[in-house]
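So this block is data_30.cif, mmCIF, C-alpha atoms:
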```cif
data_coords
#
loop_
_atom_site.label_atom_id
_atom_site.label_comp_id
_atom_site.auth_asym_id
_atom_site.auth_seq_id
_atom_site.Cartn_x
_atom_site.Cartn_y
_atom_site.Cartn_z
CA MET T 198 71.49 65.31 102.75
CA HIS T 199 70.10 65.48 106.28
CA SER T 200 70.36 69.08 107.54
CA GLU T 201 72.38 68.02 110.58
CA VAL T 202 74.92 66.24 108.40
CA LEU T 203 75.15 69.32 106.19
CA THR T 204 75.62 71.59 109.21
CA ILE T 205 78.45 69.39 110.51
CA ALA T 206 80.15 69.24 107.11
CA LEU T 207 79.99 73.01 106.68
CA PHE T 208 81.07 73.75 110.25
CA THR T 209 84.04 71.38 109.99
CA THR T 210 85.18 72.88 106.70
CA ALA T 211 84.84 76.42 108.04
CA ALA T 212 86.67 75.56 111.27
CA ALA T 213 89.47 73.83 109.34
CA LEU T 214 89.80 76.88 107.08
CA ALA T 215 89.93 79.19 110.11
CA ALA T 216 92.53 76.91 111.71
CA THR T 217 94.63 77.11 108.55
CA VAL T 218 94.47 80.91 108.60
CA VAL T 219 95.44 80.89 112.29
CA MET T 220 98.39 78.53 111.80
CA LEU T 221 99.86 80.30 108.74
CA PRO T 222 101.63 83.30 110.36
CA PRO T 223 103.32 81.36 113.19
CA GLY T 224 103.89 78.40 110.90
CA ILE T 225 105.66 80.45 108.23
CA ALA T 226 107.71 82.34 110.81
CA LEU T 227 108.77 79.12 112.55
CA ALA T 228 109.58 77.35 109.28
CA TRP T 229 111.73 80.27 108.12
CA LEU T 230 113.49 80.53 111.47
CA LEU T 231 114.31 76.82 111.48
CA ALA T 232 115.42 76.87 107.83
CA ARG T 233 117.66 79.92 108.05
CA TYR T 234 119.07 80.29 111.55
CA ARG T 235 121.09 78.41 114.10
CA PHE T 236 120.30 79.46 117.62
CA ARG T 237 120.45 78.15 121.16
CA GLY T 238 117.61 75.80 121.92
CA LYS T 239 116.86 75.19 118.24
CA ALA T 240 116.63 71.44 118.84
CA VAL T 241 114.05 72.05 121.56
CA VAL T 242 111.96 74.32 119.32
CA GLU T 243 112.21 71.76 116.50
CA THR T 244 111.03 69.00 118.81
CA LEU T 245 108.20 71.05 120.26
CA ALA T 246 107.01 71.94 116.76
CA SER T 247 106.78 68.25 115.88
CA LEU T 248 105.35 67.04 119.15
CA PRO T 249 101.65 67.19 118.14
CA LEU T 250 102.48 64.78 115.30
CA VAL T 251 103.70 62.04 117.62
CA MET T 252 101.83 62.64 120.86
CA PRO T 253 98.44 60.96 121.30
CA PRO T 254 95.99 63.65 120.10
CA VAL T 255 93.93 63.10 123.23
CA ALA T 256 96.99 64.01 125.31
CA THR T 257 97.48 67.17 123.27
CA GLY T 258 93.81 67.94 123.90
CA LEU T 259 94.27 67.46 127.61
CA LEU T 260 97.27 69.78 127.57
CA LEU T 261 95.23 72.41 125.74
CA LEU T 262 92.36 71.95 128.16
CA TRP T 263 94.74 72.65 131.02
CA LEU T 264 96.29 75.67 129.22
CA VAL T 265 93.10 77.46 128.15
CA GLY T 266 90.80 76.15 130.89
CA ARG T 267 89.49 78.74 133.33
CA ARG T 268 92.25 78.08 135.82
CA GLY T 269 94.96 77.44 133.23
CA PRO T 270 97.81 79.89 132.60
CA VAL T 271 96.26 81.18 129.36
CA GLY T 272 92.61 80.82 130.37
CA ARG T 273 93.19 82.89 133.50
CA LEU T 274 94.38 85.81 131.33
CA LEU T 275 91.41 85.52 129.00
CA GLU T 276 88.69 85.22 131.62
CA PRO T 277 88.70 88.90 132.71
CA LEU T 278 88.27 89.81 129.04
CA GLY T 279 85.16 87.67 128.90
CA ILE T 280 86.80 85.21 126.52
CA GLU T 281 86.06 81.56 127.09
CA ILE T 282 87.50 78.92 124.83
CA VAL T 283 86.77 75.48 126.26
CA PHE T 284 83.72 73.79 124.66
CA THR T 285 83.25 76.59 122.13
CA PRO T 286 83.86 76.67 118.35
CA ALA T 287 87.08 78.57 119.14
CA ALA T 288 88.33 75.45 120.93
CA VAL T 289 87.71 73.44 117.78
CA VAL T 290 89.75 75.90 115.73
CA LEU T 291 92.54 75.93 118.32
CA ALA T 292 92.76 72.13 118.49
CA MET T 293 92.77 71.90 114.70
CA ALA T 294 95.46 74.58 114.35
CA ILE T 295 97.77 72.95 116.90
CA MET T 296 97.39 69.57 115.26
CA GLY T 297 97.95 70.92 111.74
CA LEU T 298 100.86 73.20 112.55
CA PRO T 299 103.64 70.56 112.45
CA LEU T 300 102.72 69.56 108.90
CA LEU T 301 102.74 73.17 107.74
CA VAL T 302 106.07 73.88 109.45
CA ARG T 303 107.80 70.81 108.00
CA THR T 304 106.63 71.39 104.44
CA ALA T 305 107.23 75.15 104.46
CA ARG T 306 110.66 74.69 106.01
CA ALA T 307 111.71 72.42 103.15
CA GLY T 308 110.54 75.16 100.80
CA PHE T 309 112.63 77.84 102.52
CA GLU T 310 115.64 75.52 102.51
CA GLN T 311 115.31 75.12 98.75
CA VAL T 312 115.33 78.87 98.10
CA THR T 313 118.87 79.64 97.06
CA ARG T 314 120.42 82.15 99.40
CA ARG T 315 122.00 83.78 96.35
CA TYR T 316 118.67 85.04 95.01
CA GLU T 317 118.27 86.89 98.28
CA GLN T 318 121.79 88.25 97.97
CA MET T 319 120.99 89.51 94.47
CA ALA T 320 118.00 91.37 95.87
CA GLU T 321 120.26 92.89 98.52
CA THR T 322 122.75 94.13 95.93
CA LEU T 323 119.76 95.82 94.26
CA GLY T 324 119.11 97.77 97.44
CA ALA T 325 116.30 95.74 98.99
CA ARG T 326 115.90 95.81 102.78
CA PRO T 327 115.44 92.49 104.64
CA TRP T 328 111.64 92.66 104.82
CA ARG T 329 111.40 93.43 101.10
CA VAL T 330 113.79 90.58 100.29
CA PHE T 331 111.58 88.23 102.31
CA ARG T 332 108.35 89.49 100.79
CA THR T 333 109.42 89.70 97.15
CA VAL T 334 111.97 86.90 96.83
CA THR T 335 111.99 84.38 99.69
CA LEU T 336 108.24 84.04 100.18
CA PRO T 337 107.27 83.78 96.48
CA LEU T 338 110.02 81.24 95.81
CA ALA T 339 108.83 79.11 98.76
CA SER T 340 105.14 79.70 98.06
CA ARG T 341 104.44 76.34 96.47
CA ASN T 342 105.67 74.51 99.56
CA ILE T 343 103.87 76.88 101.89
CA LEU T 344 100.63 76.28 100.01
CA ALA T 345 101.18 72.52 100.03
CA GLY T 346 101.91 72.69 103.78
CA ALA T 347 98.80 74.76 104.40
CA LEU T 348 96.72 72.21 102.52
CA LEU T 349 98.21 69.34 104.52
CA GLY T 350 97.50 71.27 107.70
CA PHE T 351 93.97 71.90 106.49
CA THR T 352 93.50 68.20 105.75
CA ARG T 353 94.82 67.26 109.16
CA ALA T 354 92.43 69.79 110.69
CA LEU T 355 89.46 68.31 108.82
CA GLY T 356 90.08 64.90 110.36
CA GLU T 357 90.99 66.07 113.84
CA PHE T 358 89.34 64.03 116.58
CA GLY T 359 91.31 63.37 119.76
CA ALA T 360 92.25 66.90 120.76
CA THR T 361 88.90 68.30 119.64
CA ILE T 362 86.73 65.96 121.70
CA VAL T 363 88.71 66.72 124.87
CA VAL T 364 88.86 70.50 124.55
CA ALA T 365 85.64 71.19 122.60
CA GLY T 366 83.39 68.21 123.23
CA SER T 367 80.62 67.10 120.86
CA ILE T 368 77.91 69.71 121.17
CA PRO T 369 75.46 69.41 118.25
CA GLY T 370 75.34 72.56 116.16
CA ARG T 371 78.18 74.11 118.15
CA THR T 372 81.34 72.04 118.34
CA ARG T 373 80.47 68.78 116.59
CA THR T 374 82.88 68.10 113.72
CA LEU T 375 82.97 65.33 111.09
CA ALA T 376 85.26 63.04 113.04
CA VAL T 377 83.58 63.66 116.37
CA GLY T 378 80.17 63.29 114.66
CA ILE T 379 81.08 59.92 113.15
CA TYR T 380 82.18 58.70 116.56
CA THR T 381 79.08 60.02 118.33
CA TYR T 382 76.63 58.63 115.74
CA THR T 383 78.33 55.24 115.70
CA GLU T 384 78.29 55.05 119.47
CA THR T 385 74.57 55.83 119.54
CA GLY T 386 73.63 53.49 116.69
CA GLN T 387 72.81 56.16 114.10
CA ASP T 388 74.63 54.30 111.35
CA ALA T 389 73.07 56.08 108.36
CA ARG T 390 74.21 59.48 109.63
CA ALA T 391 77.64 58.14 110.45
CA ALA T 392 77.89 56.74 106.91
CA ALA T 393 76.87 60.08 105.37
CA LEU T 394 79.57 61.87 107.36
CA LEU T 395 82.04 59.19 106.34
CA VAL T 396 81.37 59.86 102.65
CA VAL T 397 81.84 63.61 103.16
CA SER T 398 85.10 63.01 105.08
CA VAL T 399 86.56 60.79 102.40
CA ALA T 400 85.64 63.21 99.62
CA LEU T 401 87.10 66.26 101.38
CA ALA T 402 90.31 64.53 102.41
CA PHE T 403 90.79 63.00 98.98
CA ALA T 404 90.44 66.36 97.23
CA SER T 405 92.82 68.15 99.62
CA VAL T 406 95.57 65.55 99.44
CA LEU T 407 95.30 65.45 95.65
CA VAL T 408 95.80 69.22 95.41
CA ALA T 409 98.57 69.20 98.05
CA ASN T 410 100.50 66.52 96.18
CA ARG T 411 100.17 68.40 92.91
CA LEU T 412 101.51 71.56 94.49
CA ALA T 413 104.45 69.73 96.04
CA HIS T 414 105.56 67.84 92.94
CA VAL T 415 104.85 69.98 89.90
CA ASP T 416 107.95 72.10 89.30
CA MET S 270 134.98 109.29 67.76
CA PRO S 271 134.10 112.47 69.67
CA THR S 272 135.49 112.23 73.17
CA ASP S 273 133.41 113.51 76.01
CA ARG S 274 135.62 114.99 78.69
CA HIS S 275 133.98 112.71 81.24
CA ALA S 276 134.46 109.64 79.11
CA THR S 277 138.13 109.73 79.84
CA GLU S 278 137.72 110.20 83.56
CA ALA S 279 138.94 107.23 85.46
CA THR S 280 137.61 105.83 88.72
CA GLU S 281 139.93 105.18 91.61
CA PHE S 282 139.83 101.64 92.88
CA GLU S 283 141.43 100.62 96.11
CA LEU S 284 141.52 96.89 96.60
CA ARG S 285 143.74 95.97 99.52
CA PHE S 286 142.51 93.00 101.45
CA SER S 287 143.04 89.40 102.36
CA LEU S 288 140.31 86.85 102.42
CA THR S 289 140.56 83.22 103.49
CA GLN S 290 138.16 80.59 102.23
CA GLY S 291 138.94 77.25 103.74
CA SER S 292 142.50 76.47 102.68
CA PHE S 293 142.37 79.06 99.90
CA GLN S 294 143.80 82.54 100.46
CA ILE S 295 143.26 85.63 98.36
CA ALA S 296 145.37 88.71 98.86
CA THR S 297 145.39 91.93 96.87
CA ASP S 298 147.24 95.14 97.50
CA LEU S 299 146.28 97.41 94.65
CA ALA S 300 145.27 100.97 93.97
CA ALA S 301 144.47 101.82 90.38
CA ALA S 302 142.68 104.47 88.36
CA ALA S 303 140.69 102.93 85.53
CA ARG S 304 137.40 103.01 83.63
CA ALA S 305 137.34 99.24 83.43
CA ILE S 306 139.38 96.71 85.32
CA ALA S 307 139.78 93.17 84.02
CA LEU S 308 140.32 90.43 86.55
CA PHE S 309 142.14 87.81 84.54
CA GLY S 310 143.21 84.32 85.46
CA PRO S 311 142.35 80.61 85.34
CA SER S 312 139.32 79.19 87.16
CA GLY S 313 139.84 79.02 90.88
CA SER S 314 142.29 81.91 90.89
CA GLY S 315 140.00 84.01 93.09
CA LYS S 316 138.42 86.36 90.53
CA THR S 317 134.84 85.80 91.64
CA SER S 318 135.76 86.10 95.31
CA ILE S 319 137.17 89.56 94.63
CA LEU S 320 133.89 90.64 92.99
CA GLU S 321 131.96 89.23 95.92
CA ALA S 322 134.16 91.05 98.39
CA ILE S 323 133.48 94.34 96.59
CA ALA S 324 129.73 93.58 96.56
CA GLY S 325 129.84 92.73 100.27
CA LEU S 326 128.81 89.11 99.82
CA ARG S 327 132.14 87.96 101.28
CA THR S 328 133.87 89.58 104.19
CA PRO S 329 137.67 89.87 104.06
CA GLN S 330 139.54 89.10 107.26
CA GLN S 331 141.35 92.37 106.97
CA GLY S 332 141.95 95.26 104.61
CA ARG S 333 140.23 98.06 102.80
CA ILE S 334 138.02 98.40 99.74
CA ALA S 335 137.17 101.83 98.31
CA ILE S 336 135.79 103.05 95.01
CA ASP S 337 136.29 106.70 94.13
CA ARG S 338 137.27 107.31 97.76
CA ARG S 339 133.96 105.92 98.97
CA VAL S 340 135.02 103.39 101.58
CA LEU S 341 132.97 100.19 101.37
CA PHE S 342 135.05 98.16 103.77
CA ASP S 343 137.83 98.95 106.18
CA THR S 344 138.91 96.80 109.08
CA GLU S 345 140.89 99.65 110.62
CA THR S 346 137.84 101.90 111.03
CA ARG S 347 135.54 98.89 111.39
CA THR S 348 133.57 99.97 108.36
CA SER S 349 131.50 97.52 106.39
CA VAL S 350 128.79 99.12 104.30
CA PRO S 351 125.74 96.79 104.11
CA VAL S 352 125.30 95.05 100.76
CA ARG S 353 122.12 97.01 99.99
CA ASP S 354 123.92 100.35 100.40
CA ARG S 355 127.04 99.57 98.38
CA HIS S 356 125.46 100.69 95.07
CA VAL S 357 127.09 97.95 93.06
CA GLY S 358 125.50 96.39 90.00
CA TYR S 359 126.50 92.76 90.37
CA VAL S 360 125.96 90.31 87.52
CA PRO S 361 127.12 86.86 88.64
CA GLN S 362 128.13 84.27 86.09
CA ASP S 363 124.85 82.37 86.45
CA VAL S 364 123.03 85.77 86.27
CA LEU S 365 120.38 84.69 88.84
CA LEU S 366 117.34 86.34 87.31
CA PHE S 367 114.41 86.03 89.70
CA PRO S 368 112.55 83.01 88.27
CA HIS S 369 109.14 84.11 89.54
CA LEU S 370 109.24 87.55 87.90
CA ASN S 371 108.99 88.43 84.22
CA VAL S 372 111.70 90.37 82.39
CA ARG S 373 110.26 93.82 83.13
CA LYS S 374 109.81 93.09 86.83
CA ASN S 375 113.32 91.69 87.04
CA ILE S 376 114.77 94.81 85.46
CA THR S 377 112.79 97.21 87.63
CA TYR S 378 113.33 95.27 90.87
CA ALA S 379 115.56 98.01 92.27
CA GLN S 380 112.67 100.49 92.37
CA GLY S 381 113.23 103.63 94.33
CA ARG S 382 116.99 103.49 94.35
CA ARG S 383 118.23 105.40 91.36
CA GLN S 384 120.27 108.06 93.08
CA GLY S 385 123.48 106.50 91.79
CA ARG S 386 125.85 108.20 89.46
CA GLN S 387 123.39 107.86 86.60
CA ASP S 388 119.63 107.97 86.27
CA VAL S 389 118.91 105.05 84.06
CA ASP S 390 115.48 104.66 82.54
CA VAL S 391 113.93 101.53 81.14
CA PRO S 392 113.60 103.08 77.64
CA ASP S 393 117.34 103.89 77.72
CA LEU S 394 118.11 100.30 78.64
CA ASP S 395 115.78 99.06 75.92
CA GLU S 396 117.72 100.94 73.35
CA LEU S 397 121.09 100.06 74.77
CA LEU S 398 120.46 96.38 75.20
CA GLY S 399 117.72 95.64 72.65
CA LEU S 400 115.23 94.35 75.18
CA THR S 401 111.95 95.80 73.88
CA SER S 402 110.56 92.55 72.55
CA LEU S 403 111.46 90.65 75.73
CA MET S 404 109.82 92.85 78.36
CA ASP S 405 106.76 90.70 79.03
CA ARG S 406 108.46 87.32 78.63
CA ARG S 407 109.05 84.90 81.47
CA VAL S 408 112.73 84.49 82.26
CA ALA S 409 112.58 80.69 81.96
CA GLY S 410 112.38 80.82 78.18
CA LEU S 411 115.26 83.24 77.57
CA SER S 412 118.50 82.29 75.78
CA GLY S 413 121.88 82.71 77.45
CA GLY S 414 122.53 86.01 75.69
CA GLU S 415 119.08 87.35 76.52
CA ARG S 416 119.48 86.42 80.18
CA GLN S 417 122.81 88.18 80.26
CA ARG S 418 121.35 91.38 78.79
CA VAL S 419 118.38 91.31 81.19
CA ALA S 420 120.74 90.84 84.14
CA LEU S 421 122.82 93.78 82.92
CA ALA S 422 119.72 95.93 82.59
CA ARG S 423 118.59 94.95 86.10
CA ALA S 424 121.97 95.88 87.54
CA LEU S 425 122.03 99.19 85.62
CA TYR S 426 118.51 100.16 86.63
CA SER S 427 119.63 100.42 90.24
CA GLY S 428 121.93 103.32 89.24
CA PRO S 429 125.13 101.63 90.41
CA ASP S 430 128.43 103.35 91.14
CA VAL S 431 130.22 100.37 89.63
CA LEU S 432 129.28 97.30 87.61
CA LEU S 433 130.70 93.96 88.70
CA LEU S 434 130.56 91.47 85.84
CA ASP S 435 131.48 87.81 86.20
CA GLU S 436 132.33 86.22 82.83
CA PRO S 437 129.48 88.10 81.13
CA LEU S 438 130.11 86.51 77.73
CA ALA S 439 130.49 82.91 78.92
CA ALA S 440 126.84 81.98 78.32
CA VAL S 441 126.46 84.09 75.19
CA ASP S 442 126.76 82.33 71.83
CA LEU S 443 129.64 83.43 69.63
CA ALA S 444 127.44 85.30 67.16
CA ARG S 445 126.07 87.61 69.85
CA ARG S 446 129.24 88.24 71.85
CA ARG S 447 130.09 91.33 69.85
CA LEU S 448 126.62 92.73 70.59
CA VAL S 449 126.96 92.35 74.36
CA LEU S 450 130.54 93.59 74.31
CA ASP S 451 129.45 96.71 72.41
CA ALA S 452 126.70 97.27 74.97
CA LEU S 453 129.28 97.03 77.76
CA ILE S 454 131.55 99.53 76.04
CA ALA S 455 128.56 101.86 75.66
CA ILE S 456 127.81 101.49 79.36
CA ARG S 457 131.41 102.31 80.18
CA ASP S 458 131.64 105.32 77.87
CA ARG S 459 128.10 106.67 77.51
CA LEU S 460 126.72 106.00 80.98
CA ARG S 461 130.23 106.38 82.44
CA ILE S 462 129.79 103.53 84.84
CA PRO S 463 133.10 101.89 85.72
CA LEU S 464 133.39 98.14 85.29
CA VAL S 465 135.15 95.34 87.07
CA TYR S 466 135.17 92.52 84.59
CA VAL S 467 136.08 88.91 85.33
CA THR S 468 137.29 86.90 82.36
CA HIS S 469 139.71 84.21 81.34
CA SER S 470 139.92 85.49 77.79
CA PRO S 471 142.80 87.92 77.13
CA ASP S 472 140.99 89.20 74.01
CA GLU S 473 137.92 90.20 76.02
CA ALA S 474 140.09 91.77 78.68
CA ARG S 475 141.91 93.84 76.05
CA ALA S 476 138.66 94.86 74.35
CA ILE S 477 137.01 96.23 77.48
CA ALA S 478 139.60 97.10 80.10
CA ASP S 479 142.20 99.82 80.51
CA TYR S 480 143.70 98.08 83.53
CA ALA S 481 144.20 94.37 84.09
CA ILE S 482 144.91 92.33 87.16
CA VAL S 483 146.35 88.89 86.54
CA LEU S 484 145.57 86.39 89.27
CA ASP S 485 146.85 82.96 90.00
CA GLU S 486 145.89 80.87 93.02
CA GLY S 487 144.67 83.91 94.89
CA LYS S 488 147.74 86.03 94.28
CA VAL S 489 148.19 89.03 92.05
CA VAL S 490 150.96 88.04 89.67
CA ALA S 491 150.79 91.15 87.48
CA ALA S 492 148.81 94.37 87.25
CA GLY S 493 148.85 97.26 84.80
CA PRO S 494 147.81 98.22 81.27
CA PRO S 495 146.36 95.18 79.44
CA ALA S 496 148.93 95.45 76.66
CA ASP S 497 151.74 95.04 79.17
CA VAL S 498 150.44 92.38 81.51
CA LEU S 499 148.16 90.11 79.48
CA PRO S 500 149.52 87.13 77.57
#
```
Write the structure described by the file as structure tokens, please.
Amino acid sequence: MHSEVLTIALFTTAAALAATVVMLPPGIALAWLLARYRFRGKAVVETLASLPLVMPPVATGLLLLWLVGRRGPVGRLLEPLGIEIVFTPAAVVLAMAIMGLPLLVRTARAGFEQVTRRYEQMAETLGARPWRVFRTVTLPLASRNILAGALLGFTRALGEFGATIVVAGSIPGRTRTLAVGIYTYTETGQDARAAALLVVSVALAFASVLVANRLAHVD
Amino acid sequence: MPTDRHATEATEFELRFSLTQGSFQIATDLAAAARAIALFGPSGSGKTSILEAIAGLRTPQQGRIAIDRRVLFDTETRTSVPVRDRHVGYVPQDVLLFPHLNVRKNITYAQGRRQGRQDVDVPDLDELLGLTSLMDRRVAGLSGGERQRVALARALYSGPDVLLLDEPLAAVDLARRRLVLDALIAIRDRLRIPLVYVTHSPDEARAIADYAIVLDEGKVVAAGPPADVLP
């Protein structure tokens, strides 16, 4: 395999893994909140959490660019700390995490909804405090769905294109991912490289979806 | 049978509350001293709801629940002890063993809370309930009787002030009922843990309880010594 193709494949996998790690804590918290509580503005939170699924990814990218750009509300806070996100590998991870989050939240939420409240009540009668109930009963009983959701999020991250190209660009060896690479190579007539990346993409996506489906359906 | 002085000591139960569930109303106004109370009545008479109210899993609209003068719930003083601090060993009818934990981890789930009326050790429970060979099994493969005994052990391990048992023999095959019943009597007399026992069998109620409450459609229709009030 051409070294550039290999670099892109490895970078994309690493970035997608990092994005999955980043999306897990907020994803699990949001899924649990939506599964267990009724609160004011829940419909708005639900909609926001699904928005990246239905919005054009390029639009999500543009929104991110505005948020974390130097003059954006988040970027302005980060600049004095010397942290710059736009057109860096961190932007790739951010774009991937935002795009994968809805899939994680939906799948994990279904898992939390399936956990019988009564198991948690049993744990309470045995003296467990809320955090222990969550850690030792709720989370393990929902773990299969959380894992499946994380894998779906990871798969979505692997294939991310629209948001990534806007907020991270296509800098060789720095921010170029599989999807962005395929696009760039095709545009510039480097068909053999594009084809190699295509093969890697198909293989990675196929493997992830296969595992995700197994996790979701095996009892 | 040698009688321990403590074995005859009764626990004071105060169950005075009303609880509405949809169109169904449950009302009790009872104070009784007993080592084991049987809640007797047909399905839907409110037996389980009373257990759940004692455990704190249902909140009465008004009233007072106390065991041995320890107030668990009182609308007048706005007291409602959180479920985790009620020190009840609750065994629901479907036992609800944690499916992701093995037998030993189920039993010892209540780690660090054994300051109840009795320090119960796993070896004691082994002996009492015959669980030694099951300890490392997964709960999915257990029989009805085994599940029931594991659930009992789990409830006992927490060192409860009272055991709340919902039809504990329902899922146990006939041949093993005597075994579980004997274990319950041993818990009552040897560990001196009072029981509240839901059943629709008068024979079981007579075998285990020294006080019976007969319920019908959420109302107490009779209460007193089993010999007097049970059919």
What does the PyMOL selection byres ((chain T) within 6 of (chain S)) select in this file, as a PyMOL selection string? chain T and resi 321-324
Atomic separation - atom CA of Met220 of chain T relative to atom CA of Arg273 of chain T, Å: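 Computing the Euclidean distance for atom CA of Arg273 of chain T and atom CA of Met220 of chain T yields 22.7 Å.
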One number please: atom CA of Leu320 of chain S to atom CA of Tyr466 of chain S, in Å, one decimal.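 Atom CA of Tyr466 of chain S lies 8.7 Å from atom CA of Leu320 of chain S.
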For the structure shown, which residues end up in the PyMOL selection byres ((chain T and resi 377) around 9)? Put them as a PDB file with C-alpha atoms, in the frame of the given file, please?
```pdb
ATOM      1  CA  GLY T 356      90.080  64.900 110.360  1.00  0.00           C
ATOM      2  CA  GLU T 357      90.990  66.070 113.840  1.00  0.00           C
ATOM      3  CA  PHE T 358      89.340  64.030 116.580  1.00  0.00           C
ATOM      4  CA  GLY T 359      91.310  63.370 119.760  1.00  0.00           C
ATOM      5  CA  THR T 361      88.900  68.300 119.640  1.00  0.00           C
ATOM      6  CA  ILE T 362      86.730  65.960 121.700  1.00  0.00           C
ATOM      7  CA  GLY T 366      83.390  68.210 123.230  1.00  0.00           C
ATOM      8  CA  SER T 367      80.620  67.100 120.860  1.00  0.00           C
ATOM      9  CA  THR T 372      81.340  72.040 118.340  1.00  0.00           C
ATOM     10  CA  ARG T 373      80.470  68.780 116.590  1.00  0.00           C
ATOM     11  CA  THR T 374      82.880  68.100 113.720  1.00  0.00           C
ATOM     12  CA  LEU T 375      82.970  65.330 111.090  1.00  0.00           C
ATOM     13  CA  ALA T 376      85.260  63.040 113.040  1.00  0.00           C
ATOM     14  CA  GLY T 378      80.170  63.290 114.660  1.00  0.00           C
ATOM     15  CA  ILE T 379      81.080  59.920 113.150  1.00  0.00           C
ATOM     16  CA  TYR T 380      82.180  58.700 116.560  1.00  0.00           C
ATOM     17  CA  THR T 381      79.080  60.020 118.330  1.00  0.00           C
ATOM     18  CA  TYR T 382      76.630  58.630 115.740  1.00  0.00           C
TER      19      TYR T 382
END
```
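The set of residues that the PyMOL selection byres ((chain T and resi 250) around 10) takes from this file is Leu245, Ala246, Ser247, Leu248, Pro249, Val251, Met252, Pro253, Pro254, Thr257, Ile295, Met296, Gly297, Leu298, Pro299 and Leu300 of chain T.
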Pick the closest to Ser405 of chain T from T:Ala232, T:Val364, T:Ala354, T:Ala392: which is it, counting only C-alpha atoms?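 Closest residue, counting only C-alpha atoms: T:Ala354.
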Please work out which residues fall within 12 Å of (152.4, 86.2, 78.7), coordinates as given in the file, with only C-alpha atoms counting, and return them as a list in words.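 The residues near that point, listed by chain and number, are Phe309, Gly310, Pro471, Val483, Val490, Ala491, Pro495, Ala496, Asp497, Val498, Leu499 and Pro500 of chain S.
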